[in-house]
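Quick look at run-v5.cif (mmCIF, C-alpha atoms):
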data_protein
#
loop_
_atom_site.group_PDB
_atom_site.id
_atom_site.type_symbol
_atom_site.label_atom_id
_atom_site.label_comp_id
_atom_site.auth_asym_id
_atom_site.auth_seq_id
_atom_site.Cartn_x
_atom_site.Cartn_y
_atom_site.Cartn_z
ATOM 1 C CA ALA A 1 149.774 66.742 64.208
ATOM 2 C CA LEU A 2 150.171 64.196 66.953
ATOM 3 C CA THR A 3 148.820 64.933 70.399
ATOM 4 C CA ARG A 4 151.065 65.349 73.416
ATOM 5 C CA GLU A 5 150.017 61.889 74.521
ATOM 6 C CA ALA A 6 150.927 60.373 71.157
ATOM 7 C CA SER A 7 154.290 62.107 71.063
ATOM 8 C CA HIS A 8 155.363 60.166 74.163
ATOM 9 C CA ALA A 9 154.947 56.697 72.693
ATOM 10 C CA THR A 10 153.834 53.914 74.992
ATOM 11 C CA LEU A 11 155.716 50.654 74.511
ATOM 12 C CA THR A 12 153.147 47.923 73.861
ATOM 13 C CA ASP A 13 153.470 44.138 73.887
ATOM 14 C CA GLU A 14 153.461 44.267 70.083
ATOM 15 C CA ASP A 15 156.511 46.560 70.143
ATOM 16 C CA ARG A 16 158.369 44.210 72.481
ATOM 17 C CA ARG A 17 157.636 41.127 70.375
ATOM 18 C CA ARG A 18 158.328 42.700 66.981
ATOM 19 C CA VAL A 19 161.346 40.539 66.041
ATOM 20 C CA GLU A 20 159.594 37.347 67.101
ATOM 21 C CA MET A 21 156.469 38.240 65.116
ATOM 22 C CA VAL A 22 158.525 39.000 61.987
ATOM 23 C CA THR A 23 160.003 35.497 62.199
ATOM 24 C CA GLU A 24 156.516 33.985 62.505
ATOM 25 C CA ASP A 25 155.304 35.995 59.500
ATOM 26 C CA ARG A 26 158.184 34.674 57.403
ATOM 27 C CA GLU A 27 157.118 31.130 58.233
ATOM 28 C CA ARG A 28 153.533 31.938 57.196
ATOM 29 C CA SER A 29 154.839 33.294 53.880
ATOM 30 C CA ARG A 30 156.845 30.118 53.361
ATOM 31 C CA LEU A 31 153.776 27.962 53.980
ATOM 32 C CA LEU A 32 151.666 30.097 51.634
ATOM 33 C CA SER A 33 154.163 29.680 48.801
ATOM 34 C CA GLY A 34 153.778 25.904 49.107
ATOM 35 C CA SER A 35 149.976 25.874 49.294
ATOM 36 C CA THR A 36 147.688 25.005 46.393
ATOM 37 C CA ASN A 37 145.144 27.704 47.243
ATOM 38 C CA MET A 38 144.548 30.510 49.731
ATOM 39 C CA GLU A 39 141.627 28.910 51.565
ATOM 40 C CA SER A 40 143.492 25.678 52.317
ATOM 41 C CA PHE A 41 146.454 27.711 53.530
ATOM 42 C CA LEU A 42 144.267 29.745 55.891
ATOM 43 C CA ALA A 43 142.548 26.623 57.181
ATOM 44 C CA SER A 44 145.924 25.051 57.904
ATOM 45 C CA LEU A 45 146.879 27.946 60.192
ATOM 46 C CA ALA A 46 144.127 27.164 62.765
ATOM 47 C CA GLN A 47 143.439 30.875 63.199
ATOM 48 C CA VAL A 48 141.794 32.260 66.340
ATOM 49 C CA ALA A 49 140.413 35.774 66.831
ATOM 50 C CA LEU A 50 140.152 36.876 70.459
ATOM 51 C CA VAL A 51 137.844 39.879 70.836
ATOM 52 C CA ALA A 52 137.431 42.089 73.904
ATOM 53 C CA HIS A 53 136.113 45.489 74.892
ATOM 54 C CA LEU A 54 138.487 48.413 75.165
ATOM 55 C CA THR A 55 139.942 48.788 78.675
ATOM 56 C CA ASP A 56 142.326 51.205 80.329
ATOM 57 C CA ALA A 57 145.052 48.615 79.779
ATOM 58 C CA THR A 58 144.426 48.282 76.027
ATOM 59 C CA ALA A 59 143.601 51.907 75.184
ATOM 60 C CA ALA A 60 147.245 52.661 74.353
ATOM 61 C CA ARG A 61 147.390 49.851 71.779
ATOM 62 C CA ALA A 62 144.052 50.929 70.264
ATOM 63 C CA ALA A 63 145.376 54.487 69.932
ATOM 64 C CA GLN A 64 148.586 53.187 68.404
ATOM 65 C CA LEU A 65 146.576 51.347 65.750
ATOM 66 C CA CYS A 66 144.524 54.485 65.030
ATOM 67 C CA GLN A 67 147.584 56.690 64.686
ATOM 68 C CA ARG A 68 149.970 54.357 62.848
ATOM 69 C CA THR A 69 147.717 52.361 60.533
ATOM 70 C CA ASN A 70 147.550 53.797 57.025
ATOM 71 C CA GLN A 71 146.616 50.961 54.657
ATOM 72 C CA PHE A 72 143.617 49.319 56.345
ATOM 73 C CA ASN A 73 142.167 52.404 57.983
ATOM 74 C CA LEU A 74 138.565 52.972 56.934
ATOM 75 C CA THR A 75 137.987 56.535 58.164
ATOM 76 C CA LEU A 76 141.513 57.814 58.978
ATOM 77 C CA HIS A 77 140.454 59.021 62.432
ATOM 78 C CA ARG A 78 143.604 59.428 64.543
ATOM 79 C CA HIS A 79 142.189 59.128 68.056
ATOM 80 C CA ASP A 80 144.411 59.097 71.136
ATOM 81 C CA ALA A 81 143.912 56.876 74.183
ATOM 82 C CA THR A 82 142.137 59.553 76.205
ATOM 83 C CA ALA A 83 139.553 60.114 73.481
ATOM 84 C CA LEU A 84 138.957 56.382 73.100
ATOM 85 C CA ARG A 85 138.366 55.931 76.822
ATOM 86 C CA THR A 86 135.891 58.822 76.711
ATOM 87 C CA PHE A 87 133.988 57.366 73.753
ATOM 88 C CA ALA A 88 133.691 54.002 75.505
ATOM 89 C CA ALA A 89 132.489 55.641 78.724
ATOM 90 C CA GLN A 90 129.834 57.515 76.725
ATOM 91 C CA GLY A 91 128.353 54.287 75.342
ATOM 92 C CA ALA A 92 130.307 53.576 72.170
ATOM 93 C CA VAL A 93 131.115 49.999 71.202
ATOM 94 C CA ALA A 94 134.910 49.731 71.206
ATOM 95 C CA LEU A 95 136.379 46.321 70.375
ATOM 96 C CA LEU A 96 139.943 45.107 69.966
ATOM 97 C CA MET A 97 141.065 41.848 68.407
ATOM 98 C CA ARG A 98 144.094 39.645 69.023
ATOM 99 C CA ALA A 99 145.113 37.290 66.198
ATOM 100 C CA CYS A 100 146.635 33.905 66.968
ATOM 101 C CA ASP A 101 147.361 30.746 64.994
ATOM 102 C CA ARG A 102 149.417 27.578 65.295
ATOM 103 C CA LEU A 103 152.593 29.484 64.465
ATOM 104 C CA GLY A 104 152.265 32.116 67.152
ATOM 105 C CA ASP A 105 150.567 35.203 68.528
ATOM 106 C CA SER A 106 150.383 38.193 66.185
ATOM 107 C CA GLY A 107 149.243 40.424 69.034
ATOM 108 C CA VAL A 108 146.397 42.947 69.111
ATOM 109 C CA VAL A 109 146.019 43.722 65.412
ATOM 110 C CA ALA A 110 142.653 45.431 64.945
ATOM 111 C CA PHE A 111 140.309 47.937 66.543
ATOM 112 C CA ALA A 112 136.717 48.928 65.774
ATOM 113 C CA LEU A 113 134.671 51.783 67.213
ATOM 114 C CA ALA A 114 130.981 52.522 66.621
ATOM 115 C CA LYS A 115 128.781 55.220 68.168
ATOM 116 C CA PRO A 116 125.018 55.693 68.363
ATOM 117 C CA ASP A 117 123.756 58.000 65.620
ATOM 118 C CA THR A 118 121.727 60.631 67.456
ATOM 119 C CA THR A 119 120.063 61.792 64.226
ATOM 120 C CA ALA A 120 118.281 58.499 63.463
ATOM 121 C CA HIS A 121 116.570 56.116 65.886
ATOM 122 C CA GLY A 122 118.263 52.731 66.053
ATOM 123 C CA ALA A 123 121.148 53.766 63.828
ATOM 124 C CA TRP A 124 124.846 53.549 64.707
ATOM 125 C CA GLN A 125 127.880 54.972 62.908
ATOM 126 C CA MET A 126 131.177 53.183 62.401
ATOM 127 C CA ASP A 127 133.679 55.783 63.558
ATOM 128 C CA THR A 128 136.862 53.725 63.217
ATOM 129 C CA PHE A 129 137.930 50.398 61.747
ATOM 130 C CA VAL A 130 141.673 49.743 61.588
ATOM 131 C CA MET A 131 143.751 46.615 61.141
ATOM 132 C CA SER A 132 147.454 45.879 60.949
ATOM 133 C CA CYS A 133 148.692 45.088 57.455
ATOM 134 C CA ARG A 134 150.376 41.963 58.876
ATOM 135 C CA VAL A 135 147.057 40.086 58.935
ATOM 136 C CA ILE A 136 145.258 41.535 55.929
ATOM 137 C CA ALA A 137 143.276 39.111 53.754
ATOM 138 C CA ARG A 138 143.213 36.356 56.352
ATOM 139 C CA GLY A 139 139.568 36.803 57.397
ATOM 140 C CA TYR A 140 140.221 38.677 60.625
ATOM 141 C CA GLU A 141 138.553 41.847 59.364
ATOM 142 C CA SER A 142 135.324 39.917 58.736
ATOM 143 C CA ALA A 143 135.516 38.329 62.170
ATOM 144 C CA LEU A 144 135.840 41.677 63.951
ATOM 145 C CA LEU A 145 133.095 43.300 61.887
ATOM 146 C CA GLY A 146 130.797 40.397 62.735
ATOM 147 C CA GLU A 147 131.417 40.902 66.450
ATOM 148 C CA LEU A 148 130.807 44.647 66.117
ATOM 149 C CA ILE A 149 127.490 44.025 64.365
ATOM 150 C CA SER A 150 126.467 41.428 66.942
ATOM 151 C CA GLU A 151 127.111 43.748 69.869
ATOM 152 C CA ILE A 152 125.297 46.684 68.300
ATOM 153 C CA ARG A 153 122.293 44.449 67.726
ATOM 154 C CA GLN A 154 122.404 43.360 71.385
ATOM 155 C CA ARG A 155 122.289 47.035 72.373
ATOM 156 C CA GLY A 156 119.134 47.600 70.356
ATOM 157 C CA GLY A 157 120.665 48.928 67.164
ATOM 158 C CA THR A 158 118.894 48.255 63.892
ATOM 159 C CA ARG A 159 121.281 49.844 61.390
ATOM 160 C CA LEU A 160 125.040 50.344 61.143
ATOM 161 C CA ARG A 161 126.293 53.103 58.871
ATOM 162 C CA GLY A 162 129.811 53.673 57.626
ATOM 163 C CA ARG A 163 131.914 55.122 54.867
ATOM 164 C CA HIS A 164 135.399 54.904 53.439
ATOM 165 C CA VAL A 165 137.370 58.140 53.659
ATOM 166 C CA ASP A 166 139.875 58.346 50.817
ATOM 167 C CA GLY A 167 143.492 58.752 51.828
ATOM 168 C CA PRO A 168 146.843 58.431 50.069
ATOM 169 C CA ARG A 169 147.389 54.818 51.172
ATOM 170 C CA ASN A 170 144.083 53.251 52.264
ATOM 171 C CA SER A 171 142.574 52.230 48.931
ATOM 172 C CA MET A 172 142.797 48.555 49.902
ATOM 173 C CA CYS A 173 139.773 48.938 52.189
ATOM 174 C CA SER A 174 137.693 51.018 49.764
ATOM 175 C CA ASP A 175 135.394 48.047 49.062
ATOM 176 C CA PHE A 176 135.308 46.780 52.660
ATOM 177 C CA LEU A 177 131.714 47.860 53.333
ATOM 178 C CA PRO A 178 129.998 46.712 50.106
ATOM 179 C CA ARG A 179 131.992 43.469 50.262
ATOM 180 C CA HIS A 180 130.298 42.798 53.620
ATOM 181 C CA SER A 181 126.725 43.462 52.427
ATOM 182 C CA PHE A 182 126.538 47.166 53.300
ATOM 183 C CA ARG A 183 124.258 48.919 50.824
ATOM 184 C CA PRO A 184 124.790 52.479 49.550
ATOM 185 C CA LEU A 185 122.565 55.055 51.244
ATOM 186 C CA ASP A 186 122.952 57.776 48.643
ATOM 187 C CA GLU A 187 125.562 59.456 46.470
ATOM 188 C CA SER A 188 127.481 60.816 49.478
ATOM 189 C CA GLY A 189 129.523 57.662 50.008
ATOM 190 C CA TRP A 190 127.682 56.398 53.084
ATOM 191 C CA TYR A 191 126.709 52.738 53.356
ATOM 192 C CA GLU A 192 124.301 50.967 55.686
ATOM 193 C CA PHE A 193 123.974 47.440 57.088
ATOM 194 C CA ASP A 194 120.473 46.369 58.135
ATOM 195 C CA LEU A 195 120.849 44.615 61.482
ATOM 196 C CA SER A 196 117.189 43.668 61.707
ATOM 197 C CA ASP A 197 117.377 40.868 59.163
ATOM 198 C CA SER A 198 121.078 40.358 58.490
ATOM 199 C CA SER A 199 124.034 38.916 60.334
ATOM 200 C CA LEU A 200 127.665 38.414 59.429
ATOM 201 C CA THR A 201 129.180 34.974 59.833
ATOM 202 C CA PRO A 202 132.971 34.866 60.165
ATOM 203 C CA PRO A 203 134.955 32.751 57.694
ATOM 204 C CA ALA A 204 135.162 29.061 58.535
ATOM 205 C CA TYR A 205 138.938 29.350 58.893
ATOM 206 C CA VAL A 206 138.749 31.883 61.781
ATOM 207 C CA GLN A 207 137.501 30.760 65.196
ATOM 208 C CA VAL A 208 136.147 33.726 67.147
ATOM 209 C CA SER A 209 136.154 33.866 70.956
ATOM 210 C CA ARG A 210 135.021 36.709 73.207
ATOM 211 C CA VAL A 211 137.321 37.260 76.188
ATOM 212 C CA GLU A 212 137.482 39.681 79.117
ATOM 213 C CA ASN A 213 141.035 40.825 78.559
ATOM 214 C CA LEU A 214 143.607 40.725 75.778
#

This structure in structure tokens:
Amino acid sequence: ALTREASHATLTDEDRRRVEMVTEDRERSRLLSGSTNMESFLASLAQVALVAHLTDATAARAAQLCQRTNQFNLTLHRHDATALRTFAAQGAVALLMRACDRLGDSGVVAFALAKPDTTAHGAWQMDTFVMSCRVIARGYESALLGELISEIRQRGGTRLRGRHVDGPRNSMCSDFLPRHSFRPLDESGWYEFDLSDSSLTPPAYVQVSRVENL
């Protein structure tokens, strides 16, 4: 069930620009149909990923992504804005990403949240990783994961653990972790990325920039 906060929906910039963004997506689909391969198409878009920490101003959009995203939702955690602000204040890494290209601004399309794992020194757990289906398979998920890994390493983390929680519609991200060099921990479904000797480079067709505000 949705929380009281979620039941009174907050109108975000993405809601206001919905018609405009649909038009831009149609143009991207038209360009894709005329491309010889996917990589050349993505390179032609001049994609930019703007990444920033969660703030009071962006908590509503992060919560909206948690609650509405069904397809690319790794753990199916349906956090509200109040919970997300609390996690960030307690030391979690909470990052949002805005996707832009030469055709327009797709808005804030992804959110990632990781918390220190109190049961293992140096370990962190990926609590949430969600992304709008409008930008799936364009490299943005790799870009955000790379920024999450980089920040956890800067905070002294040595391992990032995560798992895919099966749901009725999120099978498309079932291989997200092993596809990004996470190794299985055991038979329980948990995976781990070793931050001590590994890094994650974003695709060449996505330029990543860290910003203060989205």

Residues matched by the PyMOL selection byres ((chain A and resi 201) around 10) as a list in words: Ser142, Ala143, Leu145, Gly146, Glu147, Ser150, Ser198, Ser199, Leu200, Pro202, Pro203 and Ala204 of chain A

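Between atom CA of Arg98 of chain A and atom CA of Asn170 of chain A lies a distance of 21.6 Å.
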
Take the PyMOL selection byres ((chain A and resi 83) around 12), run it mentally on this structure, and tell me the resulting residues as a PDB file with C-alpha atoms, keeping the file's coordinate frame.
ATOM      1  CA  THR A   3     148.820  64.933  70.399  1.00  0.00           C
ATOM      2  CA  GLU A   5     150.017  61.889  74.521  1.00  0.00           C
ATOM      3  CA  ALA A   6     150.927  60.373  71.157  1.00  0.00           C
ATOM      4  CA  LEU A  54     138.487  48.413  75.165  1.00  0.00           C
ATOM      5  CA  ASP A  56     142.326  51.205  80.329  1.00  0.00           C
ATOM      6  CA  ALA A  59     143.601  51.907  75.184  1.00  0.00           C
ATOM      7  CA  ALA A  60     147.245  52.661  74.353  1.00  0.00           C
ATOM      8  CA  ALA A  62     144.052  50.929  70.264  1.00  0.00           C
ATOM      9  CA  ALA A  63     145.376  54.487  69.932  1.00  0.00           C
ATOM     10  CA  CYS A  66     144.524  54.485  65.030  1.00  0.00           C
ATOM     11  CA  HIS A  77     140.454  59.021  62.432  1.00  0.00           C
ATOM     12  CA  ARG A  78     143.604  59.428  64.543  1.00  0.00           C
ATOM     13  CA  HIS A  79     142.189  59.128  68.056  1.00  0.00           C
ATOM     14  CA  ASP A  80     144.411  59.097  71.136  1.00  0.00           C
ATOM     15  CA  ALA A  81     143.912  56.876  74.183  1.00  0.00           C
ATOM     16  CA  THR A  82     142.137  59.553  76.205  1.00  0.00           C
ATOM     17  CA  LEU A  84     138.957  56.382  73.100  1.00  0.00           C
ATOM     18  CA  ARG A  85     138.366  55.931  76.822  1.00  0.00           C
ATOM     19  CA  THR A  86     135.891  58.822  76.711  1.00  0.00           C
ATOM     20  CA  PHE A  87     133.988  57.366  73.753  1.00  0.00           C
ATOM     21  CA  ALA A  88     133.691  54.002  75.505  1.00  0.00           C
ATOM     22  CA  ALA A  89     132.489  55.641  78.724  1.00  0.00           C
ATOM     23  CA  GLN A  90     129.834  57.515  76.725  1.00  0.00           C
ATOM     24  CA  ALA A  92     130.307  53.576  72.170  1.00  0.00           C
ATOM     25  CA  ALA A  94     134.910  49.731  71.206  1.00  0.00           C
ATOM     26  CA  LEU A 113     134.671  51.783  67.213  1.00  0.00           C
TER      27      LEU A 113
END

On this file, the PyMOL selection byres ((chain A and resi 39) around 12) gives some set of residues; write that set as a list in words. Leu32, Ser35, Thr36, Asn37, Met38, Ser40, Phe41, Leu42, Ala43, Ser44, Leu45, Ala46, Gln47, Ala137, Arg138, Gly139, Pro203, Ala204, Tyr205 and Val206 of chain A

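Across the structure, atom CA of Gln125 of chain A and atom CA of Phe193 of chain A are spaced 10.3 Å apart.
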
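The space separating atom CA of Cys100 of chain A from atom CA of Thr55 of chain A comes to 20.1 Å.
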
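Using only C-alpha atoms for every distance, the candidate list A:Lys115, A:Arg153, A:Arg61, A:Arg134 yields A:Arg134 as the residue closest to Ser29 of chain A.
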
Skipping near chain neighbours, those fewer than 3 positions away, what residues fall within 9 Å of Trp124 of chain A using only C-alpha atoms, listed as a ChimeraX atom specification? /A:114-118,120-121,152,157-162

Would you mind listing what lies within 8 Å of Thr75 of chain A as a PyMOL selection string, with only C-alpha atoms counted and same-chain residues fewer than 2 positions away left out? chain A and resi 73+77+127-129+163-166

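Shortest atom-to-atom contact with Tyr191 of chain A among A:Leu103, A:Leu148, A:Ile136, A:Ala123: A:Ala123, counting all atoms listed in the file.
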
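Nearest residue to Met172 of chain A among A:Val22, A:Thr12, A:Cys133, A:Asp105 is A:Cys133, counting all atoms listed in the file.
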
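Using all atoms listed in the file for every distance, the candidate list A:Tyr140, A:Thr58, A:Gly167, A:His53 yields A:Tyr140 as the residue closest to Asp101 of chain A.
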
Taking all atoms of segment 95-99 of chain A that the file lists, what box with edges along x, y and z, padded by 4 Å per side, do you get, with centre and edge lengths in Å to one decimal, as AutoDock Vina command-line options?
--center_x 140.7 --center_y 41.8 --center_z 68.3 --size_x 16.7 --size_y 17.0 --size_z 12.2

Nearby residues, (138.9, 46.7, 63.3) file frame, 7 Å, only C-alpha atoms, as a PyMOL selection string: chain A and resi 96+110-112+129-131+141+144-145

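You can rank A:Val19, A:Glu151, A:Trp190, A:Pro178 by their closest distance to Ala52 of chain A using only C-alpha atoms, and at the top of that list sits A:Glu151.
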
Assuming the input is short of atoms at segment 132-143 of chain A, produce all heavy atoms for that part as a short mmCIF file (atom, residue, chain, number, x, y, z; two decimals), keeping the file's coordinate frame.
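Once written, selection-v7.cif looks like this:
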data_model
loop_
_atom_site.label_atom_id
_atom_site.label_comp_id
_atom_site.auth_asym_id
_atom_site.auth_seq_id
_atom_site.Cartn_x
_atom_site.Cartn_y
_atom_site.Cartn_z
N SER A 132 146.06 45.96 61.35
CA SER A 132 147.45 45.88 60.95
C SER A 132 147.59 45.18 59.60
O SER A 132 146.91 44.19 59.32
CB SER A 132 148.24 45.10 62.01
OG SER A 132 149.53 44.76 61.53
N CYS A 133 148.50 45.69 58.77
CA CYS A 133 148.69 45.09 57.46
C CYS A 133 149.27 43.68 57.55
O CYS A 133 149.23 42.92 56.58
CB CYS A 133 149.60 45.98 56.59
SG CYS A 133 151.26 46.22 57.25
N ARG A 134 149.78 43.30 58.72
CA ARG A 134 150.38 41.96 58.88
C ARG A 134 149.35 40.85 58.77
O ARG A 134 149.72 39.69 58.51
CB ARG A 134 151.11 41.87 60.22
CG ARG A 134 152.33 42.76 60.32
CD ARG A 134 153.10 42.54 61.59
NE ARG A 134 152.33 42.92 62.78
CZ ARG A 134 151.82 42.06 63.64
NH1 ARG A 134 151.97 40.77 63.47
NH2 ARG A 134 151.14 42.50 64.69
N VAL A 135 148.07 41.14 58.97
CA VAL A 135 147.06 40.09 58.94
C VAL A 135 145.98 40.34 57.89
O VAL A 135 144.92 39.71 57.92
CB VAL A 135 146.41 39.88 60.32
CG1 VAL A 135 147.44 39.41 61.34
CG2 VAL A 135 145.73 41.16 60.81
N ILE A 136 146.23 41.22 56.97
CA ILE A 136 145.26 41.54 55.93
C ILE A 136 144.98 40.30 55.07
O ILE A 136 145.88 39.51 54.79
CB ILE A 136 145.76 42.71 55.07
CG1 ILE A 136 145.62 44.03 55.83
CG2 ILE A 136 145.02 42.79 53.74
CD1 ILE A 136 146.23 45.22 55.15
N ALA A 137 143.73 40.17 54.66
CA ALA A 137 143.28 39.11 53.75
C ALA A 137 143.34 37.72 54.37
O ALA A 137 143.44 36.73 53.65
CB ALA A 137 144.08 39.13 52.45
N ARG A 138 143.24 37.66 55.69
CA ARG A 138 143.21 36.36 56.35
C ARG A 138 141.88 36.12 57.07
O ARG A 138 141.74 35.18 57.82
CB ARG A 138 144.39 36.23 57.33
CG ARG A 138 145.73 36.01 56.62
CD ARG A 138 146.92 36.19 57.52
NE ARG A 138 146.85 35.40 58.73
CZ ARG A 138 147.71 35.51 59.75
NH1 ARG A 138 148.71 36.39 59.67
NH2 ARG A 138 147.59 34.76 60.82
N GLY A 139 140.90 36.99 56.84
CA GLY A 139 139.57 36.80 57.40
C GLY A 139 139.33 37.49 58.73
O GLY A 139 138.20 37.50 59.22
N TYR A 140 140.37 38.05 59.31
CA TYR A 140 140.22 38.68 60.62
C TYR A 140 139.33 39.91 60.57
O TYR A 140 138.59 40.19 61.52
CB TYR A 140 141.59 39.04 61.20
CG TYR A 140 142.37 37.86 61.71
CD1 TYR A 140 143.55 37.46 61.10
CD2 TYR A 140 141.93 37.14 62.83
CE1 TYR A 140 144.28 36.38 61.58
CE2 TYR A 140 142.66 36.05 63.30
CZ TYR A 140 143.83 35.68 62.68
OH TYR A 140 144.54 34.61 63.15
N GLU A 141 139.38 40.66 59.47
CA GLU A 141 138.55 41.85 59.36
C GLU A 141 137.07 41.48 59.39
O GLU A 141 136.26 42.17 60.01
CB GLU A 141 138.90 42.65 58.10
CG GLU A 141 138.65 41.96 56.79
CD GLU A 141 139.79 41.08 56.31
OE1 GLU A 141 140.57 40.57 57.13
OE2 GLU A 141 139.88 40.89 55.08
N SER A 142 136.72 40.38 58.73
CA SER A 142 135.32 39.92 58.74
C SER A 142 134.90 39.46 60.12
O SER A 142 133.76 39.68 60.54
CB SER A 142 135.15 38.78 57.73
OG SER A 142 135.48 39.20 56.42
N ALA A 143 135.82 38.81 60.82
CA ALA A 143 135.52 38.33 62.17
C ALA A 143 135.23 39.49 63.12
O ALA A 143 134.26 39.46 63.89
CB ALA A 143 136.68 37.49 62.70
#
